[in-house]
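Undergrad: Provided below: coords_27.txt, containing compact mmCIF, C-alpha atoms.
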```
# COMPACT_ATOMS: atom_id res chain seq x y z
CA MET A 718 0.00 0.00 0.00
CA SER A 719 1.47 3.35 -1.04
CA LYS A 720 1.78 6.24 1.39
CA LYS A 721 -0.91 8.15 -0.53
CA THR A 722 -3.26 5.17 -0.54
CA SER A 723 -2.55 4.48 3.14
CA SER A 724 -3.42 8.07 4.09
CA LYS A 725 -6.64 7.90 2.10
CA TRP A 726 -7.60 4.60 3.76
CA ILE A 727 -6.86 5.92 7.25
CA ASN A 728 -8.92 9.05 6.58
CA ARG A 729 -11.85 6.96 5.32
CA GLN A 730 -11.70 4.64 8.33
CA THR A 731 -11.58 7.57 10.75
CA LYS A 732 -14.73 9.13 9.27
CA ASP A 733 -16.67 5.88 8.78
CA PRO A 734 -19.56 5.75 11.33
CA PHE A 735 -19.70 1.95 11.17
CA VAL A 736 -16.01 1.67 12.02
CA LYS A 737 -16.70 3.89 15.03
CA ARG A 738 -19.64 1.70 16.07
CA ARG A 739 -17.53 -1.43 15.63
CA ASN A 740 -14.93 0.02 17.98
CA GLN A 741 -17.57 1.08 20.50
CA LEU A 742 -19.18 -2.37 20.56
CA SER A 743 -15.90 -4.30 20.18
CA ALA A 744 -17.46 -6.12 17.23
CA ARG A 745 -15.19 -8.46 15.28
CA SER A 746 -15.54 -6.56 12.02
CA ARG A 747 -17.41 -3.78 10.26
CA ALA A 748 -19.32 -6.51 8.36
CA PHE A 749 -21.21 -7.19 11.61
CA PHE A 750 -23.47 -4.24 10.83
CA LYS A 751 -24.22 -5.40 7.29
CA LEU A 752 -25.80 -8.61 8.54
CA VAL A 753 -27.57 -6.88 11.41
CA GLU A 754 -29.11 -4.38 8.98
CA ILE A 755 -30.16 -7.00 6.44
CA ASN A 756 -31.67 -9.26 9.08
CA ASP A 757 -33.49 -6.40 10.81
CA LYS A 758 -35.30 -5.75 7.52
CA GLN A 759 -35.66 -9.29 6.15
CA ARG A 760 -35.96 -11.41 9.33
CA PHE A 761 -34.41 -14.50 7.79
CA ILE A 762 -32.32 -15.50 10.84
CA LYS A 763 -34.39 -16.36 13.90
CA LYS A 764 -34.06 -17.83 17.36
CA GLY A 765 -33.07 -21.48 17.37
CA TYR A 766 -31.88 -21.55 13.75
CA LYS A 767 -29.03 -23.62 12.34
CA VAL A 768 -26.68 -21.50 10.23
CA ILE A 769 -23.60 -22.06 8.05
CA ASP A 770 -21.32 -19.04 7.59
CA MET A 771 -18.99 -19.51 4.61
CA GLY A 772 -15.65 -17.67 4.70
CA ALA A 773 -16.46 -16.49 8.18
CA ALA A 774 -13.19 -14.95 9.45
CA PRO A 775 -12.79 -12.68 11.32
CA GLY A 776 -16.29 -13.60 12.44
CA GLY A 777 -18.43 -10.48 12.10
CA TRP A 778 -21.36 -12.25 10.47
CA SER A 779 -21.11 -15.25 12.79
CA GLU A 780 -21.08 -12.90 15.76
CA ALA A 781 -24.18 -11.06 14.55
CA ALA A 782 -26.06 -14.29 13.80
CA SER A 783 -25.11 -15.78 17.16
CA GLU A 784 -26.86 -12.96 18.97
CA VAL A 785 -30.08 -13.81 17.12
CA ILE A 786 -30.15 -17.63 17.22
CA GLY A 787 -29.56 -17.86 20.96
CA SER A 788 -28.65 -20.92 22.98
CA HIS A 789 -31.00 -23.23 21.09
CA GLY A 790 -29.44 -22.42 17.72
CA HIS A 791 -26.08 -23.36 16.28
CA ILE A 792 -23.76 -21.72 13.77
CA LEU A 793 -20.94 -23.38 11.84
CA SER A 794 -18.26 -20.87 10.83
CA VAL A 795 -16.12 -22.08 7.92
CA ASP A 796 -12.80 -20.48 6.99
CA SER A 797 -9.21 -21.39 6.16
CA SER A 798 -7.97 -19.00 8.88
CA ASP A 799 -7.84 -19.61 12.61
CA PHE A 800 -10.33 -17.60 14.63
CA LYS A 801 -12.23 -18.05 17.86
CA SER A 802 -15.64 -19.67 17.63
CA VAL A 803 -18.60 -17.47 18.46
CA ARG A 804 -21.08 -18.25 21.19
CA ASN A 805 -23.43 -21.09 20.15
CA GLY A 806 -21.01 -21.95 17.37
CA THR A 807 -18.39 -24.29 15.96
CA SER A 808 -15.41 -23.32 13.78
CA LEU A 809 -14.30 -25.47 10.85
CA LYS A 810 -10.83 -24.67 9.52
CA ILE A 811 -10.84 -25.53 5.82
CA ASN A 812 -10.63 -23.67 2.52
CA CYS A 813 -14.16 -23.23 1.20
CA LEU A 814 -12.99 -24.49 -2.21
CA ASP A 815 -11.55 -27.69 -0.73
CA PRO A 816 -13.32 -30.73 -2.26
CA ARG A 817 -13.53 -32.27 1.23
CA LEU A 818 -15.72 -29.41 2.48
CA LYS A 819 -19.12 -31.10 2.21
CA GLY A 820 -17.90 -34.16 4.04
CA LYS A 821 -16.47 -32.02 6.83
CA ILE A 822 -19.73 -30.09 7.23
CA THR A 823 -21.70 -33.34 7.57
CA GLY A 824 -19.78 -33.87 10.82
CA VAL A 825 -21.79 -30.95 12.22
CA PHE A 826 -25.02 -30.75 10.22
CA VAL A 827 -27.00 -33.42 8.41
CA PRO A 828 -27.80 -32.50 4.78
CA GLY A 829 -31.21 -30.86 4.51
CA SER A 830 -31.24 -29.68 8.14
CA VAL A 831 -29.92 -26.11 8.00
CA ASP A 832 -32.08 -22.95 8.04
CA VAL A 833 -29.59 -20.44 6.59
CA VAL A 834 -26.42 -20.59 4.50
CA MET A 835 -24.64 -17.25 4.14
CA SER A 836 -21.45 -16.01 2.52
CA ASP A 837 -19.70 -12.65 2.69
CA MET A 838 -16.72 -14.05 0.77
CA ALA A 839 -14.80 -11.95 -1.72
CA PRO A 840 -11.76 -12.86 -3.85
CA ASN A 841 -8.38 -11.25 -3.37
CA LEU A 842 -8.57 -8.75 -6.22
CA SER A 843 -5.71 -8.84 -8.71
CA GLY A 844 -6.88 -5.98 -10.91
CA ILE A 845 -7.25 -8.42 -13.80
CA LYS A 846 -11.00 -8.35 -14.35
CA ALA A 847 -11.37 -11.77 -15.98
CA ARG A 848 -9.39 -13.45 -13.19
CA ASP A 849 -11.22 -11.59 -10.44
CA GLU A 850 -14.58 -12.52 -11.95
CA ALA A 851 -13.64 -16.19 -12.27
CA ASN A 852 -12.47 -16.30 -8.65
CA TRP A 853 -15.64 -14.59 -7.44
CA LEU A 854 -17.85 -16.98 -9.43
CA ASP A 855 -16.07 -19.92 -7.80
CA LEU A 856 -16.99 -18.53 -4.39
CA VAL A 857 -20.63 -18.00 -5.35
CA ASP A 858 -20.91 -21.48 -6.88
CA VAL A 859 -19.39 -23.29 -3.89
CA SER A 860 -21.67 -21.36 -1.51
CA LEU A 861 -24.69 -22.24 -3.64
CA SER A 862 -23.68 -25.90 -3.71
CA ILE A 863 -23.51 -25.93 0.09
CA ALA A 864 -26.93 -24.27 0.22
CA ASP A 865 -28.36 -26.83 -2.22
CA LEU A 866 -27.13 -29.73 -0.09
CA PHE A 867 -27.57 -28.55 3.47
CA LEU A 868 -30.56 -26.20 3.46
CA GLN A 869 -33.89 -27.62 4.41
CA LYS A 870 -36.87 -26.99 2.16
CA ASN A 871 -37.79 -23.28 2.32
CA GLY A 872 -34.34 -22.41 3.75
CA THR A 873 -32.58 -19.11 3.02
CA PHE A 874 -29.35 -18.25 1.20
CA LEU A 875 -27.49 -14.91 1.46
CA VAL A 876 -24.42 -14.27 -0.67
CA LYS A 877 -22.18 -11.36 -1.63
CA PHE A 878 -22.23 -10.33 -5.30
CA PHE A 879 -20.18 -7.97 -7.44
CA GLN A 880 -21.08 -6.39 -10.76
CA PHE A 881 -19.25 -8.42 -13.40
CA ARG A 882 -20.05 -9.51 -16.94
CA ASP A 883 -21.57 -12.83 -15.80
CA THR A 884 -23.34 -11.50 -12.72
CA ALA A 885 -26.74 -12.02 -14.34
CA SER A 886 -26.06 -15.68 -15.10
CA ALA A 887 -24.95 -16.31 -11.50
CA TYR A 888 -28.11 -14.57 -10.28
CA ASN A 889 -30.21 -16.77 -12.58
CA ARG A 890 -28.63 -19.93 -11.18
CA ILE A 891 -29.78 -18.91 -7.73
CA GLN A 892 -33.27 -18.17 -9.04
CA ASN A 893 -33.46 -21.74 -10.29
CA SER A 894 -33.13 -23.05 -6.73
CA PHE A 895 -35.27 -20.57 -4.76
CA ARG A 896 -38.78 -19.16 -4.96
CA MET A 897 -37.90 -15.56 -4.08
CA VAL A 898 -34.63 -13.81 -4.93
CA LYS A 899 -33.81 -10.13 -4.39
CA ARG A 900 -30.85 -7.72 -4.53
CA LEU A 901 -29.92 -5.77 -1.42
CA LYS A 902 -27.48 -2.92 -0.78
CA PRO A 903 -27.30 -2.26 2.97
CA GLN A 904 -26.49 1.23 4.15
CA SER A 905 -23.37 -0.12 5.82
CA SER A 906 -22.03 -1.27 2.43
CA ARG A 907 -19.90 1.58 1.11
CA ALA A 908 -21.52 3.48 -1.75
CA GLU A 909 -18.38 3.38 -3.88
CA SER A 910 -18.18 -0.42 -3.63
CA SER A 911 -19.65 -2.53 -6.45
CA GLU A 912 -20.72 -5.14 -3.91
CA PHE A 913 -24.32 -5.97 -3.22
CA TYR A 914 -26.06 -8.93 -1.65
CA VAL A 915 -28.44 -11.51 -3.03
CA LEU A 916 -31.03 -12.89 -0.62
CA ALA A 917 -32.79 -16.07 -1.75
CA LYS A 918 -35.70 -17.44 0.26
CA GLY A 919 -37.77 -20.57 -0.12
CA LYS A 920 -35.36 -23.30 -1.23
CA LYS A 921 -37.03 -25.63 -3.68
CA ASN A 922 -36.82 -29.38 -3.67
CA SER A 923 -34.17 -30.67 -6.08
CA ASP A 924 -36.87 -32.30 -8.19
CA GLN A 925 -39.21 -29.32 -8.05
CA GLU A 926 -40.20 -27.63 -11.28
CA VAL A 927 -38.40 -24.33 -11.83
CA LEU A 928 -40.75 -21.37 -11.43
CA ASN A 929 -40.24 -18.15 -13.40
```
Transcribe the structure of this file into structure tokens.

TA:
Amino acid sequence: MSKKTSSKWINRQTKDPFVKRRNQLSARSRAFFKLVEINDKQRFIKKGYKVIDMGAAPGGWSEAASEVIGSHGHILSVDSSDFKSVRNGTSLKINCLDPRLKGKITGVFVPGSVDVVMSDMAPNLSGIKARDEANWLDLVDVSLSIADLFLQKNGTFLVKFFQFRDTASAYNRIQNSFRMVKRLKPQSSRAESSEFYVLAKGKKNSDQEVLN
């Protein structure tokens, strides 16, 4: 990071109200507020729910979900990095693109038993658009495959998106598996960022006819 870029980043962080709130609440990350805001409006995480958090480190989303699900719920936080499990949770250290992932998750949740699968994963951007898009699509597809296997009927999927050439096709793949799909841009997501979130509710059965 150049000195100019570093100064710009520090200035942005200093003025960011969500960074200030994170520090005040000792939250694990600024992303904590994104999930809180989305769930306050959409109510897709509830008390007692079973949740899988893909690419969870440093744990902001897992922390926010844990406060909602309570002692009767359980959250599995999946990431290749070491980080402390949240309350009512289990950590699974594995790369989300590892082919052993599904087998590892079955040690915690039975397929078809989970209420919510969520992913705030983003690729390490290289500046090469084609490569960045391919890496992002891999993350979306693996998250969707986990949702397809582990969500119960009518379960919910939340995933981070970026605006790329094939964004529409990725969005359509999610529509094929869920009854209701919508785009969301929480206030806590920076305006200059191309990120947005896709919330998909009502997981269909695998043999269910696709609805338009």

Undergrad: Would you pick out the contacts of Asn841 in chain A at 10 Å or less, using all atoms listed in the file, so that residues sharing its chain but fewer than 6 positions from it are not included, and give the list as a PyMOL selection string?

TA: chain A and resi 849+852-853

Undergrad: Skip range 823-829 of chain A itself and residues of its chain fewer than 3 positions away, then list as number ranges by chain all residues within 8 Å of it, counting all atoms listed in the file.

TA: A: 793, 819-820, 866-870

Undergrad: Output C-alpha atoms for every residue in that selection, as a PDB file, in the frame of the given file.

TA:
```
ATOM      1  CA  LEU A 793     -20.940 -23.380  11.840  1.00  0.00           C
ATOM      2  CA  LYS A 819     -19.120 -31.100   2.210  1.00  0.00           C
ATOM      3  CA  GLY A 820     -17.900 -34.160   4.040  1.00  0.00           C
ATOM      4  CA  LEU A 866     -27.130 -29.730  -0.090  1.00  0.00           C
ATOM      5  CA  PHE A 867     -27.570 -28.550   3.470  1.00  0.00           C
ATOM      6  CA  LEU A 868     -30.560 -26.200   3.460  1.00  0.00           C
ATOM      7  CA  GLN A 869     -33.890 -27.620   4.410  1.00  0.00           C
ATOM      8  CA  LYS A 870     -36.870 -26.990   2.160  1.00  0.00           C
TER       9      LYS A 870
END
```

Undergrad: Near range 767-779 of chain A, within 6 Å and counting all atoms listed in the file, which residues show up once chain neighbours fewer than 3 positions away are dropped, as a list in words?

TA: Arg745, Ser746, Ala748, Phe749, Ala782, Ser783, Gly790, His791, Ile792, Leu793, Ser794, Val795, Asp796, Val831, Asp832, Val833, Val834, Met835, Ser836 and Met838 of chain A

Undergrad: From the options A:Leu875, A:Val753, A:Leu856, A:Ala781, which residue's atoms come nearest to Ser905 in chain A, counting only C-alpha atoms?

TA: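 Using only C-alpha atoms, the shortest distance to Ser905 in chain A belongs to A:Val753.
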
Undergrad: Just give me the gap between CA of Ile891 in chain A and CA of Glu784 in chain A in Å, one decimal is fine.

TA: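 Atom-to-atom, CA of Ile891 in chain A and CA of Glu784 in chain A are spaced 27.5 Å apart.
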
Undergrad: Please determine, counting all atoms listed in the file, which residue among A:Arg848, A:Lys764, A:Lys751, A:Lys758 has the shortest atom-to-atom distance to Gln904 in chain A.

TA: A:Lys751

Undergrad: Could you pull the residues within 12 Å of Asn889 in chain A, counting all atoms listed in the file, minus those fewer than 3 positions along the same chain, as a list in words?

TA: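 The residues that qualify are Asp858, Leu861, Asp883, Thr884, Ala885, Ser886, Gln892, Asn893, Ser894, Phe895, Arg896, Met897, Val898, Lys899, Val915, Ala917, Val927, Leu928 and Asn929 of chain A.
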
Undergrad: Using only C-alpha atoms and a cutoff of 12 Å, can you tell me which residues are near (-9.5, -25.3, -2.5) in the file's coordinates, and write them out as a list in words?

TA: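 These residues have at least one counted atom within 12 Å: Asp796, Ser797, Ile811, Asn812, Cys813, Leu814, Asp815, Pro816, Arg817, Leu818, Asn852, Asp855, Leu856 and Val859 of chain A.
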
Undergrad: Enter the distance from CA of Ala847 in chain A to CA of Gln880 in chain A, in Å, rounded to one decimal.

TA: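 Rounded to one decimal, the two atoms are 12.3 Å apart.
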
Undergrad: CA of Lys920 in chain A to CA of Phe878 in chain A: how many Å, to one decimal?

TA: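 Computing the Euclidean distance for CA of Lys920 in chain A and CA of Phe878 in chain A yields 18.9 Å.
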
Undergrad: Compare A:Arg882, A:Arg890, A:Lys846, A:Lys877 by their minimum atom-to-atom distance to Ser910 in chain A, counting only C-alpha atoms, and give me the closest one.

TA: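 Checking each candidate against Ser910 in chain A, we get A:Lys877 as the closest.
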
Undergrad: Between A:Ala887, A:Ser911, A:Ala851, A:Asn922, which one has atoms that come closest to Asp865 in chain A, using only C-alpha atoms?

TA: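 Closest candidate: A:Asn922.
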
Undergrad: Measuring between only C-alpha atoms, which one of A:Gly806, A:Gly919, A:Pro840, A:Pro903 shows the shortest distance to Phe874 in chain A?

TA: A:Gly919

Undergrad: For Phe879 in chain A, which residue out of A:Val857, A:Leu809, A:Asn756, A:Phe913 is the nearest one, using all atoms listed in the file?

TA: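 Closest to Phe879 in chain A, using all atoms listed in the file: A:Phe913.
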